[in-house]
$ cat query-v4.cif   # mmCIF, C-alpha atoms
data_structure
loop_
_atom_site.label_atom_id
_atom_site.label_comp_id
_atom_site.auth_asym_id
_atom_site.auth_seq_id
_atom_site.Cartn_x
_atom_site.Cartn_y
_atom_site.Cartn_z
CA MET A 157 19.42 11.06 -2.60
CA THR A 158 21.69 9.23 -4.96
CA ASP A 159 20.22 7.10 -7.73
CA LYS A 160 22.11 3.79 -7.65
CA GLY A 161 19.33 1.70 -9.09
CA GLU A 162 17.18 2.03 -5.99
CA GLN A 163 13.43 2.16 -5.94
CA ARG A 164 11.77 5.46 -5.18
CA ILE A 165 8.40 6.22 -3.64
CA VAL A 166 6.19 8.21 -6.00
CA ARG A 167 3.04 9.97 -4.84
CA VAL A 168 0.01 9.37 -7.04
CA PRO A 169 -2.29 12.41 -7.21
CA GLY A 170 -5.83 11.60 -6.10
CA SER A 171 -4.83 8.26 -4.60
CA ARG A 172 -4.35 7.20 -1.01
CA ARG A 173 -1.48 4.91 -1.95
CA ALA A 174 1.96 5.66 -3.21
CA ARG A 175 3.76 3.43 -5.69
CA LEU A 176 7.33 2.30 -6.11
CA THR A 177 9.35 2.83 -9.26
CA ALA A 178 10.56 -0.27 -11.05
CA MET A 179 14.02 -1.59 -10.35
CA PRO A 180 16.44 -1.31 -13.27
CA GLY A 181 16.48 -4.49 -15.35
CA THR A 182 12.97 -5.58 -14.35
CA ASP A 183 9.75 -5.64 -16.36
CA PRO A 184 7.11 -3.47 -14.64
CA GLU A 185 4.23 -4.99 -16.65
CA PRO A 186 2.20 -7.66 -14.81
CA GLU A 187 2.34 -11.23 -16.03
CA THR A 188 -0.80 -12.40 -17.80
CA MET A 189 -1.94 -15.91 -18.46
CA ASP A 190 -3.89 -16.91 -21.55
CA LYS A 191 -5.55 -19.88 -19.88
CA PRO A 192 -5.97 -20.50 -16.15
CA ASP A 193 -4.37 -23.60 -14.63
CA ARG A 194 -7.50 -24.63 -12.77
CA PRO A 195 -10.75 -25.64 -14.48
CA ALA A 196 -13.80 -23.46 -14.00
CA PRO A 197 -15.97 -24.30 -10.97
CA GLY A 198 -18.70 -26.77 -11.83
CA SER A 199 -16.97 -28.06 -14.95
CA GLY A 200 -15.57 -31.23 -13.36
CA GLU A 201 -17.16 -34.55 -12.54
CA LYS A 202 -20.23 -34.52 -10.33
CA GLY A 203 -20.18 -36.45 -7.09
CA PRO A 204 -23.14 -38.26 -5.53
CA ASN A 205 -23.96 -35.39 -3.13
CA ASP A 206 -23.40 -32.39 -5.41
CA ASP A 207 -27.07 -31.85 -6.34
CA ARG A 208 -28.24 -32.02 -2.73
CA LEU A 209 -25.45 -29.71 -1.49
CA ARG A 210 -26.35 -27.10 -4.12
CA GLN A 211 -30.04 -27.21 -3.09
CA ASP A 212 -29.46 -27.05 0.67
CA VAL A 213 -29.88 -23.63 2.25
CA PRO A 214 -28.08 -22.77 5.51
CA PRO A 215 -30.51 -22.28 8.44
CA HIS A 216 -29.65 -18.57 8.86
CA TYR A 217 -31.09 -17.66 5.42
#
$ encode --input "query-v4.cif" --output "C-alpha cells"
Amino acid sequence: MTDKGEQRIVRVPGSRRARLTAMPGTDPEPETMDKPDRPAPGSGEKGPNDDRLRQDVPPHY
C-alpha cells in the first residue's frame, strides 16, 4: 500500500471498533466549545401551562 496522504484503518486492541488515521493537514483533536449556544433547559421564560405540564404524569406510569 502506498502512502499518498490516505487514511489507514488501525485496529485498537481490546475494542470492537477500528479507527482511521488523520488526514495530513487536518487537526485530529475534537472541537470544544466554552459555552453552549442554547440556554439550559428550564432557564427561559415560563409559559402559562409549564407548571401543569411538569406535574402531569402519563397514564402508563
$ atom_distance --input "query-v4.cif" --atom1 "atom CA of Asp190 of chain A" --atom2 "atom CA of Arg173 of chain A"
29.4 Å
$ residues_around --input "query-v4.cif" --residues "Thr182 of chain A" --least-positions-apart "4" --cutoff "12 Å" --atoms "only C-alpha atoms" --output "NGL selection string"
:A and (161 or 163 or 177-178 or 186)
$ atom_distance --input "query-v4.cif" --atom1 "atom CA of Pro180 of chain A" --atom2 "atom CA of Lys160 of chain A"
9.5 Å
$ resolve_selection --input "query-v4.cif" --expression "the PyMOL selection byres ((chain A and resi 165) around 6)" --output "PyMOL selection string"
chain A and resi 164+166+175-176
$ atom_distance --input "query-v4.cif" --atom1 "atom CA of Pro184 of chain A" --atom2 "atom CA of Glu162 of chain A"
14.4 Å
